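Working notes, beginning with the structure itself.
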Amino acid sequence: MFTKNYEFRYSDLDKNRNIKLSVLVDILQDISIFHSHVVGLDLETLYTDSLAWLLEGWRIRFEKPFDPYKTAVAKTGIMKLGRCDA
């Protein structure tokens with residue numbers, strides 16, 4: 001499991017102070033790349049070796065109501081995946 005803390009800017013929120021969907025997707029992409037780096041597949045290695053991660057999907061769970069004035073924590077883990085052929 002990998003975790004990373006995020007703070008929000010005013011532009012990350014909509015008029016109701018909810019996080020924008022585009023910001024949520026950016027966070028999910030960011031934590032995925034962080035996870036990749038930690039396991040030894042940094043961006044340079046991915047580009048050099050023509051590798052890519054296959055993202056099957058995200059399970060998003062909000063464990064408590066969103067508070068734009070506090071730090072949010074994103075977590076990621078590995079799900080079992082069977083054989084994948086191109």
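The chains in the structure tokens are called A, B, ... from first to last as shown; in each chain the residues are counted from 1, and the ligands are counted from 1 in the order shown.
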* To do: Using DSSP on the backbone, list every residue of chain A that comes out as alpha helix (DSSP H), and give them as number ranges by chain.
  => A: 21-38, 43-48
Go ahead and save the picked residues with C-alpha atoms, as a PDB file, in the first residue's frame.
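To be explicit, this is the file written out as out11.pdb:
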ATOM      1  CA  LEU A  21     -13.425  15.490 -11.008  1.00  0.00           C
ATOM      2  CA  SER A  22     -10.403  16.559 -13.088  1.00  0.00           C
ATOM      3  CA  VAL A  23      -8.405  17.126  -9.885  1.00  0.00           C
ATOM      4  CA  LEU A  24      -9.421  13.724  -8.555  1.00  0.00           C
ATOM      5  CA  VAL A  25      -8.204  12.063 -11.772  1.00  0.00           C
ATOM      6  CA  ASP A  26      -4.905  14.007 -11.529  1.00  0.00           C
ATOM      7  CA  ILE A  27      -4.423  12.744  -7.966  1.00  0.00           C
ATOM      8  CA  LEU A  28      -5.113   9.152  -9.021  1.00  0.00           C
ATOM      9  CA  GLN A  29      -2.623   9.450 -11.886  1.00  0.00           C
ATOM     10  CA  ASP A  30      -0.056  11.022  -9.561  1.00  0.00           C
ATOM     11  CA  ILE A  31      -0.340   8.292  -6.914  1.00  0.00           C
ATOM     12  CA  SER A  32      -0.110   5.616  -9.644  1.00  0.00           C
ATOM     13  CA  ILE A  33       3.141   7.114 -10.974  1.00  0.00           C
ATOM     14  CA  PHE A  34       4.469   7.413  -7.389  1.00  0.00           C
ATOM     15  CA  HIS A  35       3.675   3.730  -6.831  1.00  0.00           C
ATOM     16  CA  SER A  36       5.469   2.833 -10.068  1.00  0.00           C
ATOM     17  CA  HIS A  37       8.553   4.817  -9.051  1.00  0.00           C
ATOM     18  CA  VAL A  38       8.717   3.151  -5.637  1.00  0.00           C
ATOM     19  CA  LEU A  43       9.180   7.364 -15.945  1.00  0.00           C
ATOM     20  CA  GLU A  44      12.575   7.138 -17.666  1.00  0.00           C
ATOM     21  CA  THR A  45      12.565   3.334 -17.396  1.00  0.00           C
ATOM     22  CA  LEU A  46       9.020   3.160 -18.732  1.00  0.00           C
ATOM     23  CA  TYR A  47       9.927   5.347 -21.747  1.00  0.00           C
ATOM     24  CA  THR A  48      13.310   3.701 -22.426  1.00  0.00           C
TER      25      THR A  48
END
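The strand (DSSP E) portion of chain A consists of Phe2, Thr3, Lys4, Asn5, Tyr6, Ala72, Val73, Ala74, Lys75 and Thr76 of chain A, with states taken from DSSP on the backbone.
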Since we have the selection now, will you write its residues out, keeping all heavy atoms, as a PDB file, in the first residue's frame?
ATOM      1  N   PHE A   2       0.586   2.187  -0.826  1.00  0.00           N
ATOM      2  CA  PHE A   2       1.331   3.433  -0.920  1.00  0.00           C
ATOM      3  C   PHE A   2       0.389   4.573  -0.583  1.00  0.00           C
ATOM      4  O   PHE A   2      -0.777   4.569  -0.985  1.00  0.00           O
ATOM      5  CB  PHE A   2       1.888   3.606  -2.330  1.00  0.00           C
ATOM      6  CG  PHE A   2       2.842   2.514  -2.695  1.00  0.00           C
ATOM      7  CD1 PHE A   2       2.383   1.351  -3.269  1.00  0.00           C
ATOM      8  CD2 PHE A   2       4.192   2.648  -2.421  1.00  0.00           C
ATOM      9  CE1 PHE A   2       3.255   0.325  -3.584  1.00  0.00           C
ATOM     10  CE2 PHE A   2       5.074   1.629  -2.736  1.00  0.00           C
ATOM     11  CZ  PHE A   2       4.599   0.466  -3.317  1.00  0.00           C
ATOM     12  N   THR A   3       0.883   5.538   0.158  1.00  0.00           N
ATOM     13  CA  THR A   3       0.053   6.685   0.527  1.00  0.00           C
ATOM     14  C   THR A   3       0.781   7.977   0.200  1.00  0.00           C
ATOM     15  O   THR A   3       2.009   8.031   0.184  1.00  0.00           O
ATOM     16  CB  THR A   3      -0.290   6.683   2.032  1.00  0.00           C
ATOM     17  OG1 THR A   3       0.913   6.785   2.781  1.00  0.00           O
ATOM     18  CG2 THR A   3      -1.033   5.430   2.431  1.00  0.00           C
ATOM     19  N   LYS A   4       0.015   8.997  -0.069  1.00  0.00           N
ATOM     20  CA  LYS A   4       0.563  10.317  -0.347  1.00  0.00           C
ATOM     21  C   LYS A   4      -0.466  11.356   0.099  1.00  0.00           C
ATOM     22  O   LYS A   4      -1.667  11.180  -0.108  1.00  0.00           O
ATOM     23  CB  LYS A   4       0.864  10.458  -1.839  1.00  0.00           C
ATOM     24  CG  LYS A   4       1.707  11.655  -2.177  1.00  0.00           C
ATOM     25  CD  LYS A   4       2.172  11.602  -3.624  1.00  0.00           C
ATOM     26  CE  LYS A   4       2.999  12.838  -3.925  1.00  0.00           C
ATOM     27  NZ  LYS A   4       3.381  12.904  -5.332  1.00  0.00           N
ATOM     28  N   ASN A   5       0.014  12.418   0.728  1.00  0.00           N
ATOM     29  CA  ASN A   5      -0.866  13.486   1.206  1.00  0.00           C
ATOM     30  C   ASN A   5      -1.021  14.576   0.151  1.00  0.00           C
ATOM     31  O   ASN A   5      -0.072  14.876  -0.577  1.00  0.00           O
ATOM     32  CB  ASN A   5      -0.304  14.108   2.483  1.00  0.00           C
ATOM     33  CG  ASN A   5      -0.280  13.135   3.634  1.00  0.00           C
ATOM     34  OD1 ASN A   5      -1.088  12.225   3.705  1.00  0.00           O
ATOM     35  ND2 ASN A   5       0.649  13.329   4.540  1.00  0.00           N
ATOM     36  N   TYR A   6      -2.194  15.168   0.106  1.00  0.00           N
ATOM     37  CA  TYR A   6      -2.491  16.234  -0.855  1.00  0.00           C
ATOM     38  C   TYR A   6      -3.166  17.401  -0.146  1.00  0.00           C
ATOM     39  O   TYR A   6      -4.012  17.193   0.716  1.00  0.00           O
ATOM     40  CB  TYR A   6      -3.416  15.722  -1.971  1.00  0.00           C
ATOM     41  CG  TYR A   6      -2.744  14.717  -2.858  1.00  0.00           C
ATOM     42  CD1 TYR A   6      -2.799  13.365  -2.563  1.00  0.00           C
ATOM     43  CD2 TYR A   6      -2.017  15.129  -3.966  1.00  0.00           C
ATOM     44  CE1 TYR A   6      -2.155  12.435  -3.355  1.00  0.00           C
ATOM     45  CE2 TYR A   6      -1.366  14.210  -4.767  1.00  0.00           C
ATOM     46  CZ  TYR A   6      -1.438  12.865  -4.456  1.00  0.00           C
ATOM     47  OH  TYR A   6      -0.798  11.948  -5.240  1.00  0.00           O
ATOM     48  N   ALA A  72      -5.725  15.729   2.419  1.00  0.00           N
ATOM     49  CA  ALA A  72      -6.360  14.464   2.054  1.00  0.00           C
ATOM     50  C   ALA A  72      -5.263  13.429   1.809  1.00  0.00           C
ATOM     51  O   ALA A  72      -4.155  13.769   1.416  1.00  0.00           O
ATOM     52  CB  ALA A  72      -7.210  14.637   0.802  1.00  0.00           C
ATOM     53  N   VAL A  73      -5.573  12.177   2.031  1.00  0.00           N
ATOM     54  CA  VAL A  73      -4.615  11.102   1.839  1.00  0.00           C
ATOM     55  C   VAL A  73      -5.125  10.192   0.727  1.00  0.00           C
ATOM     56  O   VAL A  73      -6.260   9.729   0.775  1.00  0.00           O
ATOM     57  CB  VAL A  73      -4.419  10.284   3.133  1.00  0.00           C
ATOM     58  CG1 VAL A  73      -3.441   9.145   2.903  1.00  0.00           C
ATOM     59  CG2 VAL A  73      -3.944  11.175   4.274  1.00  0.00           C
ATOM     60  N   ALA A  74      -4.276   9.962  -0.273  1.00  0.00           N
ATOM     61  CA  ALA A  74      -4.596   9.005  -1.337  1.00  0.00           C
ATOM     62  C   ALA A  74      -3.779   7.748  -1.081  1.00  0.00           C
ATOM     63  O   ALA A  74      -2.614   7.820  -0.703  1.00  0.00           O
ATOM     64  CB  ALA A  74      -4.262   9.592  -2.698  1.00  0.00           C
ATOM     65  N   LYS A  75      -4.411   6.596  -1.266  1.00  0.00           N
ATOM     66  CA  LYS A  75      -3.742   5.311  -1.051  1.00  0.00           C
ATOM     67  C   LYS A  75      -3.912   4.450  -2.292  1.00  0.00           C
ATOM     68  O   LYS A  75      -4.935   4.519  -2.959  1.00  0.00           O
ATOM     69  CB  LYS A  75      -4.359   4.576   0.138  1.00  0.00           C
ATOM     70  CG  LYS A  75      -4.259   5.308   1.444  1.00  0.00           C
ATOM     71  CD  LYS A  75      -4.968   4.540   2.540  1.00  0.00           C
ATOM     72  CE  LYS A  75      -4.961   5.311   3.845  1.00  0.00           C
ATOM     73  NZ  LYS A  75      -5.693   4.595   4.899  1.00  0.00           N
ATOM     74  N   THR A  76      -2.925   3.630  -2.560  1.00  0.00           N
ATOM     75  CA  THR A  76      -3.012   2.709  -3.674  1.00  0.00           C
ATOM     76  C   THR A  76      -2.417   1.371  -3.274  1.00  0.00           C
ATOM     77  O   THR A  76      -1.597   1.299  -2.367  1.00  0.00           O
ATOM     78  CB  THR A  76      -2.301   3.249  -4.933  1.00  0.00           C
ATOM     79  OG1 THR A  76      -2.505   2.354  -6.006  1.00  0.00           O
ATOM     80  CG2 THR A  76      -0.821   3.436  -4.708  1.00  0.00           C
TER      81      THR A  76
END
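Reported to one decimal place, the separation of atom CA of A:Gly77 from atom CA of A:Phe8 is 23.0 Å.
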* Who sits within 10 Å of A:Asp67, only C-alpha atoms, same chain under 6 positions skipped, as a PyMOL selection string -> chain A and resi 8+17-19
Could you dump the residues just selected with N, CA, C and O atoms as an mmCIF file, in the first residue's frame?
data_model
loop_
_atom_site.group_PDB
_atom_site.id
_atom_site.type_symbol
_atom_site.label_atom_id
_atom_site.label_comp_id
_atom_site.auth_asym_id
_atom_site.auth_seq_id
_atom_site.Cartn_x
_atom_site.Cartn_y
_atom_site.Cartn_z
ATOM 1 N N PHE A 8 -5.190 21.118 -1.128
ATOM 2 C CA PHE A 8 -5.964 21.638 -2.244
ATOM 3 C C PHE A 8 -5.857 23.142 -2.367
ATOM 4 O O PHE A 8 -5.793 23.863 -1.378
ATOM 5 N N ARG A 17 -17.423 23.867 -2.913
ATOM 6 C CA ARG A 17 -16.208 23.429 -2.208
ATOM 7 C C ARG A 17 -16.005 21.910 -2.272
ATOM 8 O O ARG A 17 -15.414 21.315 -1.387
ATOM 9 N N ASN A 18 -16.501 21.305 -3.327
ATOM 10 C CA ASN A 18 -16.238 19.893 -3.594
ATOM 11 C C ASN A 18 -15.063 19.800 -4.556
ATOM 12 O O ASN A 18 -14.889 20.659 -5.428
ATOM 13 N N ILE A 19 -14.278 18.750 -4.426
ATOM 14 C CA ILE A 19 -13.134 18.567 -5.317
ATOM 15 C C ILE A 19 -13.632 18.311 -6.738
ATOM 16 O O ILE A 19 -14.588 17.568 -6.944
#
* Nearest to A:Asp12, chosen from A:Pro68, A:Leu51, A:Gly40, A:Phe62, with only C-alpha atoms counted in the distances -> A:Pro68
